[in-house]
Structures are given as structure tokens and as C-alpha cells.
4 protein chains.
Amino acid sequence: MHFASDNAGIVHPQILAALSEANQGFAMAYGNDEVTKAAQERLRTLFESPLAEVFFVPTGTAANALALASFTQPFQTVYCTPLAHIQEDEANAPEFFTGGAKLTLVGAQDKMQPSDLRAALERSEQRGVHGAQAGPVSITQVTEFGQVYTLDELSALTEIARAFGVPVHLDGARFANACATLNCSAADMTWKSGVDVACFGGTKNGCMGVEAVVIFNPDLAQSFQLRRKRAGHLFSKQRYLAAQMLGYLENDLWLSLAKQSNQNCAYLASKLRGVAGVEFDYAPEANLIFCNFPTDMHTRLMAAGAQYHVTTAPADARQSARLVCDWSISTAQIDAFVAAMTD
Amino acid sequence: MHFASDNAGIVHPQILAALSEANQGFAMAYGNDEVTKAAQERLRTLFESPLAEVFFVPTGTAANALALASFTQPFQTVYCTPLAHIQEDEANAPEFFTGGAKLTLVGAQDKMQPSDLRAALERSEQRGVHGAQAGPVSITQVTEFGQVYTLDELSALTEIARAFGVPVHLDGARFANACATLNCSAADMTWKSGVDVACFGGTKNGCMGVEAVVIFNPDLAQSFQLRRKRAGHLFSKQRYLAAQMLGYLENDLWLSLAKQSNQNCAYLASKLRGVAGVEFDYAPEANLIFCNFPTDMHTRLMAAGAQYHVTTAPADARQSARLVCDWSISTAQIDAFVAAMTD
Amino acid sequence: MHFASDNAGIVHPQILAALSEANQGFAMAYGNDEVTKAAQERLRTLFESPLAEVFFVPTGTAANALALASFTQPFQTVYCTPLAHIQEDEANAPEFFTGGAKLTLVGAQDKMQPSDLRAALERSEQRGVHGAQAGPVSITQVTEFGQVYTLDELSALTEIARAFGVPVHLDGARFANACATLNCSAADMTWKSGVDVACFGGTKNGCMGVEAVVIFNPDLAQSFQLRRKRAGHLFSKQRYLAAQMLGYLENDLWLSLAKQSNQNCAYLASKLRGVAGVEFDYAPEANLIFCNFPTDMHTRLMAAGAQYHVTTAPADARQSARLVCDWSISTAQIDAFVAAMTD
Amino acid sequence: MHFASDNAGIVHPQILAALSEANQGFAMAYGNDEVTKAAQERLRTLFESPLAEVFFVPTGTAANALALASFTQPFQTVYCTPLAHIQEDEANAPEFFTGGAKLTLVGAQDKMQPSDLRAALERSEQRGVHGAQAGPVSITQVTEFGQVYTLDELSALTEIARAFGVPVHLDGARFANACATLNCSAADMTWKSGVDVACFGGTKNGCMGVEAVVIFNPDLAQSFQLRRKRAGHLFSKQRYLAAQMLGYLENDLWLSLAKQSNQNCAYLASKLRGVAGVEFDYAPEANLIFCNFPTDMHTRLMAAGAQYHVTTAPADARQSARLVCDWSISTAQIDAFVAAMTD
């Protein structure tokens with residue numbers, strides 16, 4: 001009954017097998033190997049972007065921070081929501097990698113609102129040399145609260161960015177889950193919607209530790225490459241990062257795992273709807289559920305060994321929970337979880 | 001015939017097996033898992049240092065730069081040799097992670113000389129507020145040219161550092177090879193010789209991508225932990241970093257692989273001594289050979305598909321080569337290499 | 001009719017005279033001169049703090065950013081209000097000088113509220129290694145909207161900081177104006193109220209360009225000194241920074257100029273209260289007025305050559321103005337300004 | 001008898017007068033004032049470069065570090081001599097302002113040699129992604145040991161930079177002294193000789209504290225402006241920086257003061273040539289003398305109250321001195337100094 005994170009599950013066997021397969025003979029170090037080239041080519045095909053530059057890094061924080069650093073001057077600011085991973089969960093990595101750029105928090109909602117973004121950008125323009133200059137807009141898809149931007153919603157934001165002359169970064173730690181929800185292509189959700197650089201997450205969806213950064217504007221690739229190296233994120237034995245990605249893309253494993261975790265989430269949500277006292281904080285749209293229920297239910301779940309994050313202080317004898325569904329969680333575990341709430 | 005790097009070989013099967021073994025069930029993320037704790041404990045035992053703090057990162061650059069950043073203020077300087085990896089091969093990572101500290105190049109030799117170190121530290125003291133302030137001394141063991149500091153040589157350097165009140169960092173990308181050469185313990189080569197923080201390399205010696213940073217002064221651990229996170233080097237699925245290390249330590253695999261690569265190197269060196277026209281630039285002491293020979297031998301080797309780095313421009317129809325012996329290189333390949341030189 | 005800024009007025013003759021007086025013979029560079037020592041000693045006396053360390057820098061941004069950098073690790077966050085000068089008007093200087101620390105915006109008001117500060121610090125504590133760690137609290141006195149914290153209000157904030165183990169910085173660009181309003185001593189408003197480091201502004205109050213940073217905890221002075229040098233803020237001819245400060249302190253000029261500008265402000269405010277259609281956004285407490293009035297009044301003022309900042313977009317045919325009173329503005333100019341509103 | 005530094009002398013009365021003259025009425029802050037515009041225009045005329053961008057900062061370290069930061073990516077390296085001010089005397093300011101770029105020390109001489117520069121640039125090209133990438137070349141005119149590059153020597157260096165595609169920075173803390181020696185124009189010594197950005201020093205030559213940064217490639221000006229602000233070097237009352245520069249340029253005061261200090265130096269050198277036991281370490285070419293003489297002469301000078309820097313440890317009962325001639329030092333003081341050596 002482990003609903004704490006999609007970072008807690010196992011690596012999918014197909015990915016472990018890809019690692020074994022890559023483990024033959026000598027290979028050039030630092031990405032000059034055939035496995036890396038093959039994985040990059042596969043991603044260019046997936047993204048329908050033959051000129052895109054593709055880089056592999058081991059963590060989502062590295063992917064986001066390096067991507068932003070390639071687009072952001074140290075006297076600029078990045079626009080994101082107040083609860084964005086880059087603001088809340090990366091221990092100042094964006095500030096570090098950009099050399100001291102600021103994060104400007106847009107609005108007060110989980111999904112960035114076009115009117116809030118426009119207001120933030122207009123405000124920056126008025127500050128002259130005294131304020132942080134306008135830099136990239138960072139959008140998180142799936143959001144921190146499990147929402148999925150529609151393609152129209154994405155385009156509404158990227159058009160504003162375009163109008164102000166700033167680039168767009170997509171934090172796609174759960175990229176696959178969003179594609180599964182929207183039933184759209186990787187290209188649809190990125191450059192066709194106005195995204196300049198996308199992080200295509202693997203770690204939360206069955207990989208061991210790999211994220212791809214896909215830069216649709218190749219002018220910025222040289223800087224990324226050098227920044228990656230100086231951040232200690234250029235792997236000498238890079239074939240083992242790339243092999244994970246190959247295994248992940250093989251037979252669309254990335255998409256089928258995301259569908260599985262979204263489906264697990266939908267199943268858990270349907271069960272929770274049947275439990276008296278459960279209220280949803282957000283309608284689940286991918287593999288994350290935020291809901292609140294009486295504290296005595298929390299007590300029972302803890303006693304039964306359930307693992308998940310309680311996200312609010314108790315109020316009116318209720319508390320909110322974040323429940324994350326991994327692709328590997330079984331129906332039996334979900335059933336057991338729901339049973340434990342009421343037992 | 002691949003002698004380009006010890007980064008080009010395969011992952012040892014025992015390490016792949018350890019990854020598979022760790023791949024069971026859910027585990028807490030970000031290092032709060034049992035595999036991580038076990039690997040940390042094993043290293044404390046190996047280093048005979050029950051209070052040491054142990055961290056895992058995926059690359060040697062990350063290990064060095066994070067270790068140095070934990071000890072270095074941005075207005076200080078790190079002392080190293082002119083050819084040290086941190087100076088030559090990390091694309092300004094030490095400057096980046098320390099927030100802009102300087103590297104001061106000590107002497108002009110591959111092995112740092114005590115008199116040169118003392119002179120450099122004395123010079124810093126005279127600069128007052130105008131110069132970079134004295135910071136840590138960084139020693140590379142095995143050196144860039146394949147030399148191994150004796151324990152006495154290490155102590156001679158660390159005593160000077162102590163006298164000037166600065167800490168000592170050991171870049172141990174080839175830590176195991178040095179232990180194998182010196183036939184000493186990990187403790188002998190670190191805190192018993194005056195080292196404050198050591199990087200214990202795995203990647204160049206059969207791992208997929210893992211280095212341990214061992215901090216003997218636990219006061220500095222909190223800073224390391226936070227700096228690692230903000231650098232994107234805290235793995236969510238950290239059990240797979242730790243599992244590599246467990247597999248690496250099991251039955252002293254780390255030491256037996258190092259002995260194997262050193263032995264491969266000794267075998268190649270003995271063969272090269274029998275080749276007319278080969279001169280050694282340095283006496284090989286671990287798994288690296290630097291030697292020069294006629295350019296037509298280089299031509300023959302290239303034609304035969306040998307892979308290695310030519311390290312100097314042609315002079316007097318000769319050129320130097322760097323030959324790195326991986327644990328996985330076979331005697332047959334070594335024989336073929338030597339044969340190709342003269343065929 | 002210049003109400004745009006207290007940076008626009010002239011240097012007080014007494015300060016120019018002090019510069020001339022210091023301009024005799026040779027003096028040791030970089031602060032090792034008698035003028036600097038005398039000015040430091042005067043400030044220690046003024047602040048009733050014999051062990052305080054005192055540094056001179058030329059701008060408020062340098063003073064704030066260097067002071068914060070001496071107290072803040074790069075993985076920490078500084079707490080300030082959303083409109084604080086360090087957030088809005090220093091072009092990422094705090095992020096730059098701290099090596100990438102974050103600014104956390106506390107509450108939504110001009111004056112920091114104790115409950116908001118407590119909530120922000122509690123929230124940081126819950127983030128573990130993933131969020132920015134708690135760092136200093138920065139309080140601006142006089143605030144951006146011209147409010148003055150009472151000594152009790154200051155203590156309420158610093159006690160919370162103390163409880164969470166974080167230091168307190170006071171941005172005192174208008175330090176003198178606040179002292180004049182509160183009729184308290186420099187010591188009362190700083191260390192006696194729990195402040196660890198204070199910026200004592202001179203530039204906005206009749207100096208040419210000098211701010212003193214007074215550090216009540218001398219342990220942090222060495223770092224400040226080195227950070228100042230590496231930021232290019234250690235003046236070689238420092239006697240001319242110090243001489244301004246000596247002239248500023250002589251016969252309590254600092255306080256009399258602040259009283260004059262506060263009095264000018266009070267006079268303007270009293271006149272504005274007599275103008276139909278003027279509403280105060282904040283009750284003026286020092287030398288700043290924020291008020292709104294009909295746009296046609298703005299038009300008349302502009303036509304008459306009045307200089308001030310319009311701070312809001314037009315709404316209901318009204319707009320807000322920021323009116324800053326310099327010590328050097330004459331009653332006649334104030335009268336002319338008010339007359340121009342209605343003519 | 002003050003020969004310690006050209007930072008120790010007084011401000012020239014003409015510059016103090018310019019400050020007084022600028023001290024009238026209100027002026028727009030942050031450089032939007034008439035005095036600043038006039039000073040910028042004067043410098044464009046002096047440099048015969050109508051499109052150059054001109055910025056004022058208060059210290060040489062700020063001028064150098066900001067200029068370099070505008071041209072240098074954090075993964076690059078700056079080329080300078082081992083004793084360059086930016087390497088030895090700025091406490092890591094270049095590393096700080098560039099976000100962690102490295103300084104590569106070219107050759108081992110006071111004057112940068114073309115062959116050494118070429119070798120350093122060639123070496124960088126061979127490092128690939130692993131080493132620091134090639135960045136700007138920084139040339140110091142007058143050098144640290146008082147030498148002056150001829151225009152041909154300057155061009156020889158800048159042509160190599162051009163061939164490698166890297167820009168050229170001129171550290172001109174003693175710009176005027178070099179112009180006086182070479183009897184050339186400011187344009188001759190900068191863009192006509194291939195320099196992209198020059199620091200035109202005022203502080204060491206009679207100003208209170210002002211340096212102009214002249215950028216001949218205006219594309220880089222926007223970045224400079226923002227970096228200056230975030231470094232706390234944008235003065236609110238900038239008219240007082242600019243006024244110094246106006247006073248400095250009026251009637252070519254900058255050049256006449258430099259000629260005076262060079263002449264003082266020549267006079268001292270001629271006197272020293274008549275003292276038995278004095279040997280010159282370098283032939284004086286501007287306002288700096290490096291010479292060695294018996295330690296008992298040093299003792300006598302110290303006893304007589306002479307102030308200067310002893311630059312070497314005693315050897316063979318001799319020690320070297322650095323003697324800096326300010327424009328304001330009198331012939332009588334020089335005579336007294338020489339007399340004290342032998343009395």
C-alpha cells in the first residue's frame with residue numbers, strides 16, 4: 001500500500017533488460033557511443049522534430065535546472081506557479097544553475113492562468129533596470145496537484161510568452177501521464193503548442209533514473225552541453241542512461257506504463273468516491289489524487305501500514321492526503337487501501 | 001584493443017546483479033531506503049570510521065565539486081596540480097559549485113611537491129584581503145599520469161595543509177587502484193594520512209555510475225547534503241546508486257577489479273619494454289601507462305583499430321600515448337595491441 | 001517640484017566640506033586610513049556597540065546584498081515582504097551575492113506581519129532537504145510605503161526569527177527618517193530590538209553615496225570584508241567614503257536632515273488633506289506619501305513640470321502617486337506643487 | 001615620502017570643483033541626468049567612437065569584473081598573465097561576476113607574449129567539452145611591473161584573439177599613463193589596436209573613485225547595464241560619478257596628471273641611477289619603479305618614514321621595492337627619499 005510517490009516503485013523489467021543488453025564490449029565515453037545516438041534518434045522521431053537536440057540527465061531537478069539555465073540570464077526571472085517543483089522542491093537549483101536568476105510566482109493556483117501570466121510579464125516590463133528582467137515561462141505538465149493542461153490551455157500560455165518575447169519550458173516529470181490523459185502526441189504537447197524546451201521524464205514512470213531534455217531550438221544546445229558537463233551531469237558511461245531511454249521507448253513502454261498508472265489512479269478514485277466522508281480537493285486527471293477525509297481514517301490507514309503524504313494540518317477533524325499511483329501498484333493493494341480506511 | 005579509458009568498459013556482472021536484487025517492491029525515495037543505509041554502513045566499516053558521513057553521487061565531477069564546495073568559501077582558492085582533473089577536465093565545475101572560488105596551480109609536476117605547496121600557501125597568506133584566501137588542498141590519487149603517492153608522501157602534504165589550517169580533499173577516481181598498488185587499507189590512505197574528505201570512485205572500476213564521498217568531519221555533512229540536492233544529484237530512486245556500491249564492496253570486488261586492471265597494466269608494460277623504440281614517460285604504478293614511440297607505430301596501431309589517446313604533438317618522429325587498462329581487457333587484446341605496433 | 005526620489009536632491013554642503021577637509025596629504029588605501037577609523041568609531045558610539053564591525057559601501061543595494069550574503073548560505077532563503085527593495089529594486093542582487101539563495105515573500109502587506117512570518121518559517125521547516133532552508137529575515141525600516149515599525153513591532157518579528165534560529169537584517173536606507181519618527185536611538189532600533197545587522201543609509205539623506213553596514217555579531221565580519229572586496233566595493237581611496245559619513249554624523253546632521261524631510265512631508269500631507277479629491281493610500285509616517293487623486297490633477301501637475309512616480313494604472317479616473325520629500329525641498333516648492341493640482 | 005600607491009594621493013582640486021559644480025538642484029537618479037550624459041559624450045569624443053557605450057563605476061575591480069562578465073560565459077576561461085590584477089588583486093571578483101569562469105594564466109612574464117597566448121588558446125581548443133572553453137583575452141596596460149605595450153605589441157595579441165574568435169579586454173587602471181608614454185590617442189590604444197572593451201581608469205590618477213568602461217561593441221551594453229545594477233554598482237546619485245569624469249577630462253587633466261606622474265617617476269629613476277647599489281628589475285616606462293637595493297638602505301628608508309612596498313624576501317642582503325609615483329608627489333619628497341637611502 002505505497003502511495004507516497006511514483007519514485008518509490010521498481011524499475012520495469014524491460015528497462016533492466018535494456019541495461020543488460022547495452023552491457024557488451026567497450027563503448028566510447030561521454031555520449032559518443034551508439035546507444036546514445038540511437039536513443040537520441042528515437043526521441044527525435046517521437047517528437048517529430050528532426051533537428052531537435054536531445055540530452056540525457058539522471059534527475060528531474062537536473063533536467064529542469066539545466067534547461068532553464070540555457071535560456072535564462074542571471075539578471076532575469078523565470079515565471080512559474082507558487083507550488084511548481086522548481087520553486088518548492090529543488091532546493092534553489094534553478095537559482096544555482098542560472099547564476100542567480102529569480103523565480104516569479106504567477107497567480108495562486110495550481111494551473112497557471114493566462115491573465116496572471118500576462119499581468120506578471122507586464123509588471124516586469126515596468127520595472128526597468130531595477131527589477132528582474134523577463135525570462136522564460138515554466139509550465140508543469142502534469143501539474144503538482146494532478147491537473148492536466150489541455151492543448152488549448154498550453155497554447156494560451158505560450159502565445160502570451162511569445163508576445164512578450166520570452167521562451168517556454170515544460171517541466172514534464174510526468175510527461176507520459178499527460179500524453180495518456182490527453183491522448184495526444186509528444187509533438188502536440190510541445191513544439192506544436194509553442195514549447196521551446198521540454199523535459200521528458202522517465203524516472204517517475206518505470207526508469208531507474210533518466211530524463212531527456214529536448215531542445216527544439218538547436219541554437220541553445222551548445223550552452224546546454226557545456227553546462228551539463230560543468231554540473232557533473234555528463235555521464236562517462238552514458239550508454240547506461242541512454243539504454244534506459246531505449247528500453248523506455250521500445251514498444252511505447254513509456255505510454256503503456258503511464259496509461260497503467262493513470263488507470264490505477266482512476267480505479268482508486270472510483271473506489272474513494274464510494275467511501276463516505278471522502279472529498280476530492282482536485283478532480284484526478286492523471287496519476288495523482290488529492291482528497292481529504294476524517295482524521296480517524298488517516299489513523300486507521302497508518303495503522304495498516306499505508307504510505308502516503310498528509311498535505312495539510314488537521315482542520316475540522318479532517319486532513320488532506322496526496323495519493324500517487326505507480327504503474328506497479330496492484331488492484332489488490334488499492335482495494336486493501338480503501339478497505340483499511342473504513343475497517 | 002580499447003585503451004582509451006577505464007570509462008569505456010562494461011559494468012561488472014556482480015554489479016548488474018546487485019541492481020536486479022535491489023529491484024523489489026517499494027522503497028522510500030531520496031536515500032531513506034534500506035539499500036542506501038546498508039551501503040553507507042559498509043563504507044563506514046571499510047574506512048574504519050563509524051562517524052563518517054557517506055554520500056553517493058553518479059559522477060566523479062559531481063563528487064569532487066560537491067566535496068570541495070562543502071569546504072570552500074567563494075573568496076578562497078583550492079590548491080591542486082596544473083593537470084589535476086578538477087582543473088583540466090571538469091569544465092569549471094569546482095568554480096561553479098563553490099560559487100566562484102579560484103584554483104591555484106601548485107608547482108609544475110604530476111605529483112604535488114611539499115615545497116611547492118608550502119610556497120603556494122605562504123604566498124596566499126601575504127595577499128591580505130586582495131588575493132584569494134587559502135582554502136582546501138586537493139590531492140589526486142592515482143595521479144593523472146598514473147603515479148601513486150606513498151602514505152608518507154600523502155602525510156607530508158597533509159601536514160603542511162594542517163599547519164596552514166586548511167582541509168584536505170582526496171580525488172579518488174582511481175582510489176581502488178592506489179590501494180591495490182600500496183597494499184594498504186582505505187583508512188590508511190585517507191584519515192590516517194590526514195585526509196578530511198575522500199572521493200571513493202566506482203565508475204572507472206566496474207560500476208555503472210557511482211562514486212562515494214566520505215566525509216570524516218561530520219560537521220560538514222549538512223552542507224553537502226543540501227548542496228547535493230540543489231545540484232540535482234540527489235537521486236529519487238537512490239537505492240540503485242547504493243545497490244551498485246553494495247555490489248562493488250561485496251567480497252572486495254572493488255579491490256579485486258583494481259588488482260586486475262593494475263595487473264593488466266603491468267602485463268602491457270612488460271610487453272612494451274620488449275618493443276624497440278618505446279620509452280616510458282612515467283614508470284607505470286597503477287593502471288595507466290604514458291609512453292612515447294615512433295609515429296609509424298602509431299599509424300600501424302590506428303590502422304589495426306587500436307583506441308587510445310595520443311597526448312603530445314609529434315616531435316622527432318615520436319609521439320606519446322596514454323594507455324589505460326580496464327579490468328575487463330583481455331591478455332589476448334593486450335598481445336594483439338603490442339603485435340600491431342611492430343607488424 | 002521634484003518629488004520623484006530622495007536620490008535626486010543635492011549633497012548637503014557639510015558633507016562636501018568634509019570631503020574637502022579629508023583631501024589633504026597621502027593616506028593609506030583600502031580603509032587603513034585615519035578618516036575611516038574615525039568614522040567607524042563614531043558609528044560604534046552612535047550605536048552604543050563597542051564591538052560592532054562597521055563597513056562602508058557606496059550604494060544601498062551593495063549594503064543589503066553584502067550584508068545578506070554574510071548571513072545566508074546558497075541553499076537558504078531570505079524572508080521579506082513582496083514589495084521589499086531587495087525583491088523589487090535590486091535586479092537579483094541578493095541572489096547574486098548569496099550565490100543563488102531564494103527570497104521568500106512573506107504575506108501581502110507593506111509591513112511584515114508576525115503571523116505571516118511565523119507561517120513562512122514553519123512552512124520552510126516542513127520542506128526538509130527539498131525546499132530552501134530557513135535563512136535571515138529582512139525588515140525594511142522605513143517601509144516601501146512609508147510606514148515605520150514601532151520598536152514593539154520590530155521586536156515581535158525578531159523574536160520569531162530568534163525562535164527559529166535565523167538572523168535579522170534591517171534594510172535602513174531611510175534609517176534616519178525612522179529614528180526621527182520614533183524619536184528613538186540607533187541602538188534602540190537595532191540590536192536592542194533584536195537586529196543582527198543593520199544598513200545605515202546616507203545616500204538618500206544628503207550624502208553623495210555612502211551606506212554603513214553595522215554588524216553586531218563580529219564573527220561575521222571577516223566574511224563581509226572578503227565579500228566586499230570581491231564585489232568591487234572596497235574603495236582604494238576609502239577616506240572619501242568615510243569622510244562623507246563623518247560629515248553626516250557631525251552635529252547629528254543625519255538626524256536633523258531626516259527631521260527636515262519628515263517635516264517637509266508632514267507639511268505636504270497637511271496641504272494635500274486640504275485638496276478635494278485626494279485620498280491617502282497610507283498614512284504618511286516618514287518622508288513618503290502615497291495618495292490617489294483624479295487623473296486630471298495628474299495632468300495639471302505634469303504640465304506644470306512636477307516630477308513624481310505614478311504608481312498605479314488609471315482606475316475610475318483616479319491614479320496613485322508616490323511623493324518623496326527630500327530635506328532640500330522648499331516650502332515654496334511644496335506650495336507650488338499643491339497649487340498646480342488645482343489650478 | 002609616500003610611494004606605496006597611486007591610490008594614496010589626494011583628489012585633484014579640479015575634480016573636487018567639478019563635484020561642487022554638479023551639486024545644484026534636483027537631477028534624475030540612476031544616470032538619467034545631464035551630467036552623466038555629458039560625460040558619456042565626452043568620452044565618445046575622446047575615443048573617436050560615436051557608437052561606443054560608456055558606463056561609470058567606482059572601482060577598478062568593478063570595472064574589470066563587470067566588463068569581463070559581459071563577454072564571458074561561465075563555462076569559459078579568461079586569458080591573462082600570472083600577475084594580472086584580475087588574477088592577483090581582485091579576490092576572485094572575475095570568477096564571481098562571470099558566474100564561475102576560470103582564469104588561465106598565460107606564460108610567466110609581466111608582458112603577455114604572443115606565442116604564449118597562441119599556445120594557451122590552442123590548448124583550450126583541444127580540450128573539447130571537458131575543459132574550460134576559450135573566452136576573452138585580458139591585457140593590462142600599464143602592466144603590473146610598469147611596462148607599456150607598444151601599439152604593435154597590442155595588435156600582435158589582439159590579432160591572435162581575433163583569429164581564435166575571442167574578444168579582448170583592456171585593464172586600463174593606468175590607461176592615461178600608458179597614453180602619456182606612447183604619445184598616442186585613446187582610440188589608438190583601444191579599438192584601433194583591436195580592443196573590444198576598455199577600462200579607462202580615473203581613481204589612480206587624481207579622481208576620487210571613478211572608472212569608465214567603454215564598450216566598442218554596443219551589442220554587449222544591455223548585459224553590462226543589468227549586471228552593473230545587480231552588482232550594486234549603479235549609483236543613484238550618478239551625477240557625482242560623472243562629474244568626476246567631466247572634471248578629469250576638462251582641459252585634458254587626465255593626460256597632464258599622467259604626464260606629471262610619469263615625469264615624477266622618471267625623475268626618481270634618474271636619481272636612483274645615481275645611487276650606488278640600486279639595480280632596476282624593470283626599466284621604468286610609466287609611473288612605477290621596481291628596483292632592488294641593499295637591505296640596510298631599506299632600513300634607513302623605513303626609519304625616515306618612507307612608505308612603499310617591499311616585494312621580495314631578502315636575498316643576498318638585498319630586497320626589491322615597488323615605488324609608485326603619484327602626480328602629487330613633489331620633487332622635494334623625491335629628493336628626500338633618495339637622500340634617506342644613503343644618509
# chains A, B, ... in the order shown; residues from 1 in each chain; ligands from 1
$ closest_atom_pairs --of "segment 258-332 of chain C" --to "segment 207-223 of chain C" --cutoff "12 Å" --atoms "only C-alpha atoms" --output "Markdown table"
| residue | atom | partner | partner_atom | distance |
| --- | --- | --- | --- | --- |
| C:Ala258 | CA | C:Cys207 | CA | 11.9 |
| C:Asp326 | CA | C:Cys207 | CA | 11.9 |
| C:Trp327 | CA | C:Cys207 | CA | 11.4 |
$ select_by_dssp --residues "segment 126-237 of chain C" --states "strand (DSSP E or B)" --output "PyMOL selection string"
chain C and resi 133-140+168-171+197-201+211-215
$ residues_around --residues "segment 289-306 of chain B" --least-positions-apart "4" --cutoff "7 Å" --atoms "only C-alpha atoms" --output "list in words"
Met1, His2, Phe145, Gly146, Gly277, Val278, Glu279, Phe280, Asp281, Tyr282, Pro284, Ala317, Arg318, Gln319, Ser320, Ala321, Arg322, Leu323, Val324, Phe337, Ala340, Met341 and Thr342 of chain B
$ closest_atom_pairs --of "chain A" --to "chain D" --cutoff "10 Å" --atoms "only C-alpha atoms" --output "Markdown table"
| residue | atom | partner | partner_atom | distance |
| --- | --- | --- | --- | --- |
| A:Tyr30 | CA | D:Val129 | CA | 9.5 |
| A:Gln73 | CA | D:Ser223 | CA | 8.9 |
| A:Pro74 | CA | D:Arg227 | CA | 8.4 |
| A:Phe75 | CA | D:Leu226 | CA | 6.5 |
| A:Gln76 | CA | D:Leu226 | CA | 9.2 |
| A:Phe96 | CA | D:Gly99 | CA | 9.7 |
| A:Phe97 | CA | D:Gly99 | CA | 9.5 |
| A:Thr98 | CA | D:Gly99 | CA | 8.8 |
| A:Gly99 | CA | D:Gly99 | CA | 5.8 |
| A:Gly100 | CA | D:Gly99 | CA | 8.7 |
| A:Gly128 | CA | D:Leu226 | CA | 9.6 |
| A:Val129 | CA | D:Leu226 | CA | 6.2 |
| A:His130 | CA | D:Lys229 | CA | 7.0 |
| A:Gly131 | CA | D:Arg230 | CA | 9.1 |
| A:Ala132 | CA | D:Leu226 | CA | 8.9 |
| A:Gln133 | CA | D:Leu226 | CA | 8.6 |
| A:Gln222 | CA | D:Val129 | CA | 9.6 |
| A:Ser223 | CA | D:Phe75 | CA | 8.5 |
| A:Gln225 | CA | D:Val129 | CA | 7.6 |
| A:Leu226 | CA | D:Val129 | CA | 6.2 |
| A:Arg227 | CA | D:Phe75 | CA | 6.9 |
| A:Arg228 | CA | D:Val129 | CA | 9.7 |
| A:Lys229 | CA | D:His130 | CA | 7.0 |
| A:Arg230 | CA | D:Phe75 | CA | 7.1 |
| A:Leu234 | CA | D:His130 | CA | 9.6 |
$ decode --residues "segment 221-249 of chain A" --atoms "N, CA and C atoms" --output "compact mmCIF listing (two decimals), in the first residue's frame"
# COMPACT_ATOMS: atom_id res chain seq x y z
N ALA A 221 21.73 24.56 -27.82
CA ALA A 221 22.25 23.25 -27.42
C ALA A 221 23.69 23.31 -26.93
N GLN A 222 24.52 24.14 -27.55
CA GLN A 222 25.93 24.18 -27.16
C GLN A 222 26.06 24.61 -25.69
N SER A 223 25.30 25.58 -25.32
CA SER A 223 25.36 26.03 -23.93
C SER A 223 24.90 24.91 -23.00
N PHE A 224 23.84 24.20 -23.37
CA PHE A 224 23.35 23.12 -22.51
C PHE A 224 24.44 22.08 -22.28
N GLN A 225 25.09 21.71 -23.37
CA GLN A 225 26.12 20.66 -23.31
C GLN A 225 27.23 21.04 -22.32
N LEU A 226 27.64 22.29 -22.38
CA LEU A 226 28.73 22.73 -21.52
C LEU A 226 28.27 22.90 -20.08
N ARG A 227 27.05 23.36 -19.92
CA ARG A 227 26.51 23.49 -18.58
C ARG A 227 26.29 22.12 -17.93
N ARG A 228 25.87 21.15 -18.72
CA ARG A 228 25.70 19.81 -18.18
C ARG A 228 27.03 19.26 -17.66
N LYS A 229 28.07 19.44 -18.47
CA LYS A 229 29.38 18.93 -18.06
C LYS A 229 29.83 19.60 -16.76
N ARG A 230 29.73 20.93 -16.70
CA ARG A 230 30.25 21.62 -15.53
C ARG A 230 29.39 21.37 -14.29
N ALA A 231 28.19 20.84 -14.48
CA ALA A 231 27.35 20.48 -13.35
C ALA A 231 27.55 19.03 -12.91
N GLY A 232 28.49 18.35 -13.52
CA GLY A 232 28.73 16.95 -13.15
C GLY A 232 27.65 16.01 -13.63
N HIS A 233 26.91 16.42 -14.66
CA HIS A 233 25.81 15.58 -15.16
C HIS A 233 26.10 14.95 -16.51
N LEU A 234 27.33 15.09 -16.99
CA LEU A 234 27.70 14.35 -18.19
C LEU A 234 28.28 13.01 -17.73
N PHE A 235 27.54 11.94 -17.97
CA PHE A 235 28.00 10.62 -17.52
C PHE A 235 29.11 10.10 -18.43
N SER A 236 30.15 9.56 -17.83
CA SER A 236 31.18 8.95 -18.67
C SER A 236 30.59 7.70 -19.35
N LYS A 237 29.95 6.86 -18.59
CA LYS A 237 29.35 5.65 -19.19
C LYS A 237 27.90 5.96 -19.58
N GLN A 238 27.78 6.90 -20.52
CA GLN A 238 26.44 7.38 -20.82
C GLN A 238 25.55 6.34 -21.48
N ARG A 239 26.16 5.30 -22.01
CA ARG A 239 25.30 4.29 -22.66
C ARG A 239 24.25 3.74 -21.69
N TYR A 240 24.55 3.81 -20.39
CA TYR A 240 23.58 3.22 -19.43
C TYR A 240 22.44 4.18 -19.10
N LEU A 241 22.64 5.47 -19.34
CA LEU A 241 21.49 6.39 -19.31
C LEU A 241 20.65 6.17 -20.57
N ALA A 242 21.35 6.12 -21.69
CA ALA A 242 20.65 6.02 -22.97
C ALA A 242 19.91 4.70 -23.09
N ALA A 243 20.52 3.64 -22.56
CA ALA A 243 19.87 2.32 -22.66
C ALA A 243 18.53 2.32 -21.92
N GLN A 244 18.49 2.97 -20.79
CA GLN A 244 17.21 3.07 -20.09
C GLN A 244 16.17 3.72 -21.00
N MET A 245 16.58 4.79 -21.66
CA MET A 245 15.64 5.51 -22.51
C MET A 245 15.21 4.64 -23.69
N LEU A 246 16.15 3.89 -24.23
CA LEU A 246 15.78 2.97 -25.33
C LEU A 246 14.75 1.95 -24.86
N GLY A 247 15.01 1.37 -23.71
CA GLY A 247 14.06 0.40 -23.16
C GLY A 247 12.70 1.03 -22.88
N TYR A 248 12.75 2.28 -22.50
CA TYR A 248 11.53 3.02 -22.15
C TYR A 248 10.68 3.31 -23.39
N LEU A 249 11.37 3.55 -24.51
CA LEU A 249 10.66 3.89 -25.74
C LEU A 249 10.21 2.66 -26.52
